[in-house]
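Peer 1: Data file data.tsv (TSV, C-alpha atoms) is appended below.
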chain	number	residue	atom	x	y	z
J	201	MET	CA	83.81	101.71	35.16
J	202	LYS	CA	85.86	102.78	38.15
J	203	GLY	CA	82.71	103.97	39.91
J	204	VAL	CA	80.93	100.67	39.26
J	205	PHE	CA	83.97	98.73	40.47
J	206	HIS	CA	84.15	100.86	43.61
J	207	LEU	CA	80.45	100.33	44.30
J	208	ALA	CA	80.82	96.58	43.81
J	209	LYS	CA	83.83	96.48	46.10
J	210	SER	CA	82.01	98.43	48.82
J	211	ALA	CA	79.00	96.11	48.49
J	212	VAL	CA	81.26	93.07	48.95
J	213	HIS	CA	82.90	94.76	51.93
J	214	ASP	CA	79.47	95.45	53.47
J	215	ASN	CA	78.46	91.82	52.97
J	216	GLU	CA	81.66	90.68	54.68
J	217	LYS	CA	80.91	92.98	57.60
J	218	LYS	CA	77.40	91.53	57.89
J	219	LEU	CA	78.84	88.00	57.81
J	220	ASN	CA	81.39	88.89	60.47
J	221	ILE	CA	78.67	90.39	62.66
J	222	ARG	CA	76.52	87.28	62.22
J	223	GLU	CA	79.46	85.05	63.11
J	224	ILE	CA	80.16	87.13	66.20
J	225	ILE	CA	76.50	86.93	67.25
J	226	GLN	CA	76.46	83.16	66.70
J	227	GLN	CA	79.69	82.72	68.64
J	228	LYS	CA	78.29	84.77	71.50
J	229	LYS	CA	75.12	82.68	71.50
J	230	LYS	CA	77.18	79.50	71.57
J	231	SER	CA	79.43	80.77	74.34
J	232	ARG	CA	76.39	81.98	76.27
J	233	SER	CA	74.73	78.57	75.99
J	234	VAL	CA	77.97	76.88	77.08
J	235	ASN	CA	78.25	79.26	80.04
J	236	ASN	CA	74.64	78.64	80.99
J	237	TYR	CA	75.19	74.89	80.80
J	238	THR	CA	78.35	75.22	82.87
J	239	GLU	CA	76.59	77.39	85.45
J	240	LYS	CA	73.87	74.76	85.79
J	241	LEU	CA	76.36	71.87	85.89
J	242	ILE	CA	78.81	73.27	88.48
J	243	PRO	CA	76.30	73.41	91.38
J	244	LYS	CA	75.34	69.81	90.69
J	245	ILE	CA	78.99	68.74	90.73
J	246	LEU	CA	79.66	70.65	93.95
J	247	PHE	CA	76.52	69.17	95.52
J	248	GLY	CA	77.67	65.68	94.55
J	249	ILE	CA	81.10	66.28	96.09
J	250	ALA	CA	79.52	67.64	99.28
J	251	ALA	CA	77.10	64.72	99.38
J	252	ILE	CA	79.98	62.24	99.38
J	253	SER	CA	81.12	63.33	102.84
J	254	VAL	CA	77.56	63.35	104.17
J	255	LEU	CA	76.76	59.92	102.74
J	256	THR	CA	80.06	58.55	104.06
J	257	THR	CA	79.21	59.80	107.55
J	258	ILE	CA	75.72	58.33	107.32
J	259	GLY	CA	77.16	55.01	106.16
J	260	ILE	CA	79.65	54.90	109.05
J	261	VAL	CA	76.96	55.71	111.61
J	262	LEU	CA	74.54	53.14	110.18
J	263	THR	CA	77.28	50.48	110.22
J	264	LEU	CA	78.13	51.28	113.82
J	265	ILE	CA	74.46	51.17	114.84
J	266	THR	CA	73.65	47.88	113.13
J	267	GLU	CA	76.74	46.08	114.43
J	268	THR	CA	76.30	47.54	117.90
J	269	ILE	CA	72.71	46.27	118.03
J	270	ALA	CA	74.04	42.81	117.15
J	271	PHE	CA	76.49	43.06	120.07
J	272	PHE	CA	73.78	44.02	122.57
J	273	LYS	CA	71.77	40.96	121.57
J	274	ASP	CA	74.43	38.90	123.36
J	275	VAL	CA	75.58	41.34	126.06
J	276	SER	CA	73.41	43.34	128.42
J	277	PHE	CA	73.35	47.06	127.77
J	278	ILE	CA	73.51	47.84	131.48
J	279	ASP	CA	76.33	45.36	132.14
J	280	PHE	CA	78.36	46.84	129.31
J	281	PHE	CA	78.19	50.43	130.55
J	282	THR	CA	78.41	49.66	134.27
J	283	GLY	CA	80.80	46.72	134.24
J	284	THR	CA	84.24	47.29	135.72
J	285	GLN	CA	85.77	44.16	134.19
J	286	LEU	CA	86.72	43.55	130.58
J	287	LYS	CA	87.78	40.01	129.75
J	288	PRO	CA	86.87	39.51	126.09
J	289	LEU	CA	88.60	36.14	125.65
J	290	GLY	CA	87.64	32.74	126.94
J	291	GLU	CA	84.37	30.97	127.59
J	292	ASN	CA	83.34	33.24	130.47
J	293	ALA	CA	83.95	36.47	128.59
J	294	VAL	CA	82.97	39.68	130.36
J	295	PHE	CA	82.41	42.93	128.51
J	296	GLY	CA	82.48	46.08	130.61
J	297	VAL	CA	83.50	49.33	128.96
J	298	LEU	CA	84.34	51.31	132.13
J	299	PRO	CA	88.05	50.28	132.16
J	300	LEU	CA	88.43	51.55	128.58
J	301	LEU	CA	86.38	54.67	129.23
J	302	THR	CA	88.43	55.47	132.33
J	303	GLY	CA	91.71	54.99	130.48
J	304	THR	CA	90.54	57.24	127.64
J	305	ILE	CA	89.36	60.03	129.96
J	306	ILE	CA	92.48	59.95	132.14
J	307	SER	CA	94.89	59.99	129.19
J	308	THR	CA	92.94	62.86	127.61
J	309	LEU	CA	92.95	64.86	130.85
J	310	ILE	CA	96.71	64.42	131.25
J	311	ALA	CA	97.26	65.44	127.63
J	312	MET	CA	95.15	68.57	127.96
J	313	LEU	CA	96.79	69.52	131.27
J	314	VAL	CA	100.00	69.70	129.24
J	315	ALA	CA	98.68	71.07	125.95
J	316	ILE	CA	96.26	73.80	127.10
J	317	PRO	CA	98.56	75.85	129.38
J	318	VAL	CA	101.67	75.47	127.21
J	319	GLY	CA	99.79	75.95	123.95
J	320	LEU	CA	97.85	78.98	125.17
J	321	MET	CA	100.92	80.66	126.66
J	322	THR	CA	102.81	80.01	123.44
J	323	ALA	CA	99.98	81.54	121.43
J	324	ILE	CA	99.91	84.61	123.66
J	325	PHE	CA	103.65	85.08	123.27
J	326	LEU	CA	103.53	84.71	119.48
J	327	SER	CA	100.52	87.00	119.11
J	328	GLU	CA	101.18	89.73	121.67
J	329	TYR	CA	104.85	89.78	122.66
J	330	ALA	CA	106.99	88.26	119.90
J	331	SER	CA	108.38	90.41	117.13
J	332	GLU	CA	107.46	89.68	113.53
J	333	LYS	CA	110.88	88.15	112.90
J	334	THR	CA	110.62	85.92	115.98
J	335	ARG	CA	107.08	84.84	115.06
J	336	LYS	CA	108.09	83.87	111.55
J	337	ALA	CA	110.95	81.79	112.95
J	338	LEU	CA	109.16	80.10	115.87
J	339	LYS	CA	105.76	79.28	114.40
J	340	PRO	CA	107.06	76.99	111.59
J	341	LEU	CA	109.36	75.27	114.09
J	342	LEU	CA	106.41	74.72	116.42
J	343	GLU	CA	104.27	73.29	113.65
J	344	ILE	CA	106.98	70.75	112.79
J	345	LEU	CA	105.82	68.85	115.89
J	346	ALA	CA	102.45	68.31	114.20
J	347	GLY	CA	104.15	66.56	111.28
J	348	ILE	CA	105.90	63.90	113.37
J	349	PRO	CA	104.22	60.46	112.96
J	350	THR	CA	102.34	59.33	116.06
J	351	ILE	CA	104.18	56.01	116.13
J	352	VAL	CA	107.39	57.99	116.68
J	353	TYR	CA	105.73	59.73	119.62
J	354	GLY	CA	104.71	56.33	120.93
J	355	PHE	CA	108.24	54.95	120.91
J	356	PHE	CA	109.48	58.24	122.36
J	357	ALA	CA	107.04	57.82	125.27
J	358	PHE	CA	108.00	54.18	125.80
J	359	THR	CA	111.78	54.40	125.43
J	360	PHE	CA	112.54	57.87	126.80
J	361	VAL	CA	109.73	59.46	128.80
J	362	THR	CA	108.80	56.36	130.81
J	363	PRO	CA	112.38	55.58	131.93
J	364	LEU	CA	112.84	59.27	132.76
J	365	LEU	CA	109.67	59.33	134.86
J	366	ARG	CA	110.60	56.05	136.61
J	367	SER	CA	113.72	57.73	137.92
J	368	PHE	CA	111.43	60.16	139.77
J	369	ILE	CA	108.46	57.83	140.39
J	370	PRO	CA	109.79	54.42	141.48
J	371	GLY	CA	106.35	52.81	141.47
J	372	LEU	CA	105.70	53.68	137.84
J	373	GLU	CA	105.08	50.57	135.75
J	374	PRO	CA	106.94	49.99	132.47
J	375	THR	CA	103.66	50.61	130.67
J	376	ASN	CA	101.44	53.26	132.21
J	377	ILE	CA	98.94	55.94	131.30
J	378	LEU	CA	100.98	58.90	132.57
J	379	SER	CA	103.76	58.75	129.99
J	380	PRO	CA	101.55	58.53	126.85
J	381	GLY	CA	99.29	61.23	128.29
J	382	ILE	CA	102.21	63.65	128.62
J	383	VAL	CA	103.50	62.84	125.13
J	384	MET	CA	100.02	63.26	123.64
J	385	GLY	CA	99.94	66.69	125.26
J	386	ILE	CA	103.26	67.55	123.61
J	387	MET	CA	101.85	66.38	120.27
J	388	ILE	CA	98.72	68.55	120.67
J	389	ILE	CA	100.60	71.74	121.68
J	390	PRO	CA	101.12	72.91	118.04
J	391	MET	CA	97.40	72.54	117.31
J	392	VAL	CA	96.31	74.55	120.35
J	393	ALA	CA	99.05	77.16	119.90
J	394	SER	CA	98.55	77.69	116.17
J	395	LEU	CA	94.75	77.95	116.22
J	396	SER	CA	94.72	80.13	119.34
J	397	GLU	CA	97.37	82.42	117.86
J	398	ASP	CA	95.33	82.78	114.66
J	399	ALA	CA	92.25	83.67	116.71
J	400	MET	CA	94.12	86.29	118.76
J	401	SER	CA	95.86	87.77	115.73
J	402	SER	CA	92.45	88.35	114.12
J	403	VAL	CA	91.43	90.69	116.97
J	404	PRO	CA	91.50	94.27	115.57
J	405	ASN	CA	94.45	96.39	116.70
J	406	ALA	CA	92.01	99.21	117.45
J	407	MET	CA	90.83	97.28	120.51
J	408	ARG	CA	94.39	96.94	121.78
J	409	GLU	CA	95.20	100.59	121.11
J	410	GLY	CA	91.99	101.75	122.78
J	411	ALA	CA	92.76	99.75	125.93
J	412	LEU	CA	96.35	101.02	126.00
J	413	ALA	CA	95.09	104.59	125.56
J	414	LEU	CA	92.92	104.13	128.65
J	415	GLY	CA	96.00	103.22	130.68
J	416	ALA	CA	95.89	99.44	130.59
J	417	THR	CA	99.15	97.51	130.72
J	418	LYS	CA	100.22	95.02	128.05
J	419	LEU	CA	99.27	92.11	130.31
J	420	GLU	CA	95.85	93.61	131.06
J	421	VAL	CA	95.21	94.16	127.36
J	422	THR	CA	96.12	90.55	126.67
J	423	TRP	CA	93.97	88.93	129.35
J	424	LYS	CA	91.05	91.38	129.50
J	425	VAL	CA	90.71	92.39	125.84
J	426	VAL	CA	92.43	90.05	123.39
J	427	VAL	CA	91.73	86.69	125.03
J	428	PRO	CA	87.99	87.40	125.65
J	429	ALA	CA	87.61	88.69	122.10
J	430	ALA	CA	89.22	85.54	120.69
J	431	ILE	CA	87.66	83.12	123.18
J	432	SER	CA	85.52	81.28	120.61
J	433	GLY	CA	88.57	80.46	118.50
J	434	ILE	CA	90.57	79.51	121.59
J	435	ILE	CA	87.85	77.14	122.78
J	436	ALA	CA	87.68	75.66	119.27
J	437	SER	CA	91.40	74.87	119.52
J	438	PHE	CA	90.81	73.19	122.88
J	439	VAL	CA	87.97	71.10	121.43
J	440	LEU	CA	90.08	69.98	118.49
J	441	GLY	CA	92.90	69.13	120.88
J	442	ILE	CA	90.59	67.06	123.09
J	443	SER	CA	89.16	65.25	120.07
J	444	ARG	CA	92.70	64.56	118.88
J	445	ALA	CA	93.64	63.13	122.27
J	446	ILE	CA	90.52	60.95	122.50
J	447	GLY	CA	91.09	59.52	119.04
J	448	GLU	CA	94.84	58.97	119.42
J	449	THR	CA	95.79	55.33	118.85
J	450	MET	CA	99.47	54.55	118.35
J	451	ILE	CA	100.89	56.40	121.36
J	452	VAL	CA	98.59	54.71	123.87
J	453	THR	CA	98.87	51.35	122.11
J	454	ILE	CA	102.66	51.35	122.44
J	455	ALA	CA	103.21	53.09	125.78
J	456	SER	CA	100.12	52.42	127.93
J	457	GLY	CA	99.97	48.64	127.53
J	458	SER	CA	96.95	46.38	127.16
J	459	SER	CA	95.98	45.84	130.80
J	460	LYS	CA	92.27	46.46	131.16
J	461	ASN	CA	92.46	47.87	134.68
J	462	PHE	CA	89.63	49.88	136.17
J	463	THR	CA	91.70	52.28	138.22
J	464	PHE	CA	92.48	55.97	138.63
J	465	ASP	CA	96.15	55.37	139.40
J	466	VAL	CA	98.10	56.96	136.54
J	467	THR	CA	101.19	54.89	137.36
J	468	GLN	CA	99.49	51.67	136.30
J	469	SER	CA	98.99	50.18	132.87
J	470	MET	CA	95.61	51.02	131.35
J	471	GLN	CA	93.96	50.67	127.97
J	472	THR	CA	91.98	53.20	125.98
J	473	MET	CA	89.10	52.52	123.61
J	474	THR	CA	91.23	53.09	120.52
J	475	ALA	CA	93.95	50.78	121.81
J	476	TYR	CA	91.35	48.06	122.45
J	477	ILE	CA	90.11	48.36	118.86
J	478	VAL	CA	93.69	47.97	117.60
J	479	GLU	CA	94.27	44.96	119.84
J	480	VAL	CA	91.14	43.11	118.76
J	481	THR	CA	91.44	43.89	115.05
J	482	GLY	CA	95.06	42.74	115.16
J	483	GLY	CA	94.07	39.46	116.79
J	484	GLU	CA	91.89	36.59	115.67
J	485	ALA	CA	88.41	37.97	116.19
J	486	ALA	CA	86.26	35.95	113.82
J	487	ALA	CA	83.47	37.82	112.09
J	488	GLY	CA	80.11	37.28	113.74
J	489	THR	CA	81.47	36.56	117.22
J	490	THR	CA	80.72	38.62	120.30
J	491	LEU	CA	84.36	39.72	120.42
J	492	TYR	CA	84.06	40.97	116.85
J	493	TYR	CA	80.88	42.92	117.57
J	494	SER	CA	82.45	44.41	120.70
J	495	LEU	CA	84.69	46.44	118.38
J	496	TYR	CA	81.65	48.27	117.05
J	497	ALA	CA	80.14	48.73	120.50
J	498	VAL	CA	83.35	50.35	121.74
J	499	ALA	CA	83.62	52.44	118.55
J	500	MET	CA	80.01	53.58	118.96
J	501	THR	CA	80.71	54.55	122.56
J	502	LEU	CA	83.72	56.55	121.40
J	503	PHE	CA	81.65	58.23	118.70
J	504	VAL	CA	78.85	59.24	121.10
J	505	PHE	CA	81.37	60.39	123.71
J	506	THR	CA	83.13	62.63	121.17
J	507	LEU	CA	79.82	63.93	119.80
J	508	ILE	CA	78.58	64.94	123.26
J	509	MET	CA	81.87	66.65	124.01
J	510	ASN	CA	81.74	68.63	120.74
J	511	LEU	CA	78.14	69.70	121.35
J	512	LEU	CA	79.04	70.83	124.86
J	513	ALA	CA	82.04	72.76	123.56
J	514	GLN	CA	79.89	74.48	120.92
J	515	TYR	CA	77.40	75.49	123.60
J	516	ILE	CA	80.17	76.93	125.79
J	517	SER	CA	81.72	78.74	122.83
J	518	ARG	CA	78.34	80.22	121.89
J	519	ARG	CA	77.73	81.44	125.42
J	520	PHE	CA	81.14	83.11	125.57
J	521	ARG	CA	80.56	84.73	122.19
J	522	GLU	CA	77.23	86.16	123.40
J	523	GLU	CA	78.82	87.52	126.60
J	524	TYR	CA	81.72	89.18	124.83
As a first step, turn the structure in this file into structure tokens.
Peer 2:
Amino acid sequence: MKGVFHLAKSAVHDNEKKLNIREIIQQKKKSRSVNNYTEKLIPKILFGIAAISVLTTIGIVLTLITETIAFFKDVSFIDFFTGTQLKPLGENAVFGVLPLLTGTIISTLIAMLVAIPVGLMTAIFLSEYASEKTRKALKPLLEILAGIPTIVYGFFAFTFVTPLLRSFIPGLEPTNILSPGIVMGIMIIPMVASLSEDAMSSVPNAMREGALALGATKLEVTWKVVVPAAISGIIASFVLGISRAIGETMIVTIASGSSKNFTFDVTQSMQTMTAYIVEVTGGEAAAGTTLYYSLYAVAMTLFVFTLIMNLLAQYISRRFREEY
């Protein structure tokens, strides 16, 4: 009897093992099917997320194109891009974009004359000369500037920088393009410095050590080895800084005024393309009017201008990368 009972018990145990193995196989099949479904689903989700940004860009461009075409039905294309007067209000309205284009270019040039030298020198100091302790202390402090709202920069330019400059430049108008240009440069310094420092820090130390072993000084290593090796990243920081300056709105709206002067005198009040868009959208531009459509024409001009600049910067960066 004991033998029979033992055989029966072992048979039951074997059946339980078989059931457990079958359950494990079924669970693995289920998990495998779920994993396969997930693997097929995730690329579709990621594609949909990526398509949102592309479709949004296409929608913006199509909107700009259609509304800009409506504007050029009423205003001559040649007059718009060659006109030196911009008087959008009144019965005899004149739409010439050159005053806005000039104000945008001049403010951007002033900003980059401040941001590029200071930002690049700061990046070189942080990457090549500062100790690790100094770098960890200074870099976060520098990046705090990037977190200040632009409207604060605008009031800073209007209430502090402009009065300070007028004490040295008596002919400087209360609203001018010089003051916001300088403050925009201060705002862009953290962007240029941080990105340039990251590019230079990524240069292998073996290149520095090899140059030093050949007898080069620290300054020669910096300018003849590190900077050329990181030139593509440095140029990318310049491009982002220029794009940031071109698209800046609040600083120029507050501190540069709304005078649509076609001039190269930085002491006078001028208006940029972004400031014009703010002025018109904040006014009473009825939908369907020429003034309303001029917003899209100016925005399209700004878009094309920025696109050309980015393409040019990519070409320059590629050429430098091939040379070095």
Peer 1: Here is a test: counting all atoms listed in the file, which residue of J:Met407, J:Met470, J:Met391, J:Ile386 is nearest to Glu373 in chain J?
Peer 2: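 Of the candidates, the smallest distance to Glu373 in chain J is held by J:Met470.
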Peer 1: Looking at all atoms listed in the file, which of J:Gly259, J:Gly371, J:Gly290, J:Gly296 is the one that sits closest to Val275 in chain J?
Peer 2: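 Using all atoms listed in the file, the shortest distance to Val275 in chain J belongs to J:Gly296.
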Peer 1: With a distance cut-off of 9 Å and only C-alpha atoms, select the neighbouring residues of Val383 in chain J, excluding the residue or stretch itself and same-chain residues fewer than 4 positions from it, and output the selection as a PyMOL selection string.
Peer 2: chain J and resi 311+314+353-354+356-357+361+378-379+387-388+451
Peer 1: Restrict the selected residues to C-alpha atoms and save them as a PDB file, keeping the file's coordinate frame.
Peer 2:
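Output below, filename selection_22.pdb:
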ATOM      1  CA  ALA J 311      97.260  65.440 127.630  1.00  0.00           C
ATOM      2  CA  VAL J 314     100.000  69.700 129.240  1.00  0.00           C
ATOM      3  CA  TYR J 353     105.730  59.730 119.620  1.00  0.00           C
ATOM      4  CA  GLY J 354     104.710  56.330 120.930  1.00  0.00           C
ATOM      5  CA  PHE J 356     109.480  58.240 122.360  1.00  0.00           C
ATOM      6  CA  ALA J 357     107.040  57.820 125.270  1.00  0.00           C
ATOM      7  CA  VAL J 361     109.730  59.460 128.800  1.00  0.00           C
ATOM      8  CA  LEU J 378     100.980  58.900 132.570  1.00  0.00           C
ATOM      9  CA  SER J 379     103.760  58.750 129.990  1.00  0.00           C
ATOM     10  CA  MET J 387     101.850  66.380 120.270  1.00  0.00           C
ATOM     11  CA  ILE J 388      98.720  68.550 120.670  1.00  0.00           C
ATOM     12  CA  ILE J 451     100.890  56.400 121.360  1.00  0.00           C
TER      13      ILE J 451
END
Peer 1: Which residues come within 12 Å of Lys424 in chain J, counting only C-alpha atoms, excluding same-chain residues fewer than 4 positions away, as a list in words?
Peer 2: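 The filter keeps Met407, Arg408, Ala411, Leu412, Ala416, Thr417, Lys418, Leu419, Glu420, Pro428, Ala429, Ala430, Ile431 and Tyr524 of chain J.
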Peer 1: Keeping C-alpha atoms, export the residues of the selection given above as a PDB file, keeping the file's coordinate frame.
Peer 2:
ATOM      1  CA  MET J 407      90.830  97.280 120.510  1.00  0.00           C
ATOM      2  CA  ARG J 408      94.390  96.940 121.780  1.00  0.00           C
ATOM      3  CA  ALA J 411      92.760  99.750 125.930  1.00  0.00           C
ATOM      4  CA  LEU J 412      96.350 101.020 126.000  1.00  0.00           C
ATOM      5  CA  ALA J 416      95.890  99.440 130.590  1.00  0.00           C
ATOM      6  CA  THR J 417      99.150  97.510 130.720  1.00  0.00           C
ATOM      7  CA  LYS J 418     100.220  95.020 128.050  1.00  0.00           C
ATOM      8  CA  LEU J 419      99.270  92.110 130.310  1.00  0.00           C
ATOM      9  CA  GLU J 420      95.850  93.610 131.060  1.00  0.00           C
ATOM     10  CA  PRO J 428      87.990  87.400 125.650  1.00  0.00           C
ATOM     11  CA  ALA J 429      87.610  88.690 122.100  1.00  0.00           C
ATOM     12  CA  ALA J 430      89.220  85.540 120.690  1.00  0.00           C
ATOM     13  CA  ILE J 431      87.660  83.120 123.180  1.00  0.00           C
ATOM     14  CA  TYR J 524      81.720  89.180 124.830  1.00  0.00           C
TER      15      TYR J 524
END
Peer 1: Find, counting only C-alpha atoms, the residue in J:Val294, J:Leu342, J:Ile382, J:Val504 that gets nearest to Phe360 in chain J.
Peer 2: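 Closest to Phe360 in chain J, using only C-alpha atoms: J:Ile382.
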Peer 1: Quick one: residues within 8 Å of Phe438 in chain J, all atoms listed in the file, excluding same-chain residues fewer than 3 positions away - as a ChimeraX atom specification?
Peer 2: /J:316,392,434-435,441-442
Peer 1: Which polymer residues have any atom within 10 Å of an atom of Thr302 in chain J, counting all atoms listed in the file, with same-chain residues fewer than 3 positions away left out, as a ChimeraX atom specification?
Peer 2: /J:284,297-299,305-308,460-464,470-473
Peer 1: Take CA of Val425 in chain J and CA of Met321 in chain J and report the distance between them in Å, one decimal.
Peer 2: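 We find that CA of Val425 in chain J and CA of Met321 in chain J lie 15.6 Å from each other.
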Peer 1: So which one's closest to Ile265 in chain J, J:Leu345, J:Leu512, J:Leu286, J:Leu495? Using only C-alpha atoms, please.
Peer 2: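 So, comparing all the options, the nearest one is J:Leu495.
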Peer 1: Would you mind reading off the distance between CA of Thr263 in chain J and CA of Val478 in chain J, one decimal, in Å?
Peer 2: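 According to the coordinates, CA of Thr263 in chain J and CA of Val478 in chain J are separated by 18.2 Å.
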Peer 1: Looking at J:Ala487, J:Pro404, J:Leu395, J:Thr304, which one is nearest to Gly447 in chain J, with distances taken over all atoms listed in the file?
Peer 2: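 Nearest candidate to Gly447 in chain J out of J:Ala487, J:Pro404, J:Leu395, J:Thr304: J:Thr304.
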Peer 1: Work out how far apart CA of Val480 in chain J and CA of Ile508 in chain J are and give it in Å to one decimal.
Peer 2: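 These atoms are spaced 25.6 Å apart.
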Peer 1: Counting all atoms listed in the file, which residue out of J:Ala455, J:Thr467, J:Glu239, J:Lys336 sits closest to Pro370 in chain J?
Peer 2: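 The answer is J:Thr467, which sits nearest to Pro370 in chain J.
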Peer 1: Please provide as a PyMOL selection string all residues within 10 Å of Leu372 in chain J, with the sequence filter that same-chain residues fewer than 5 positions apart are discarded (counting all atoms listed in the file).
Peer 2: chain J and resi 362-363+365-367+377-379+465-469
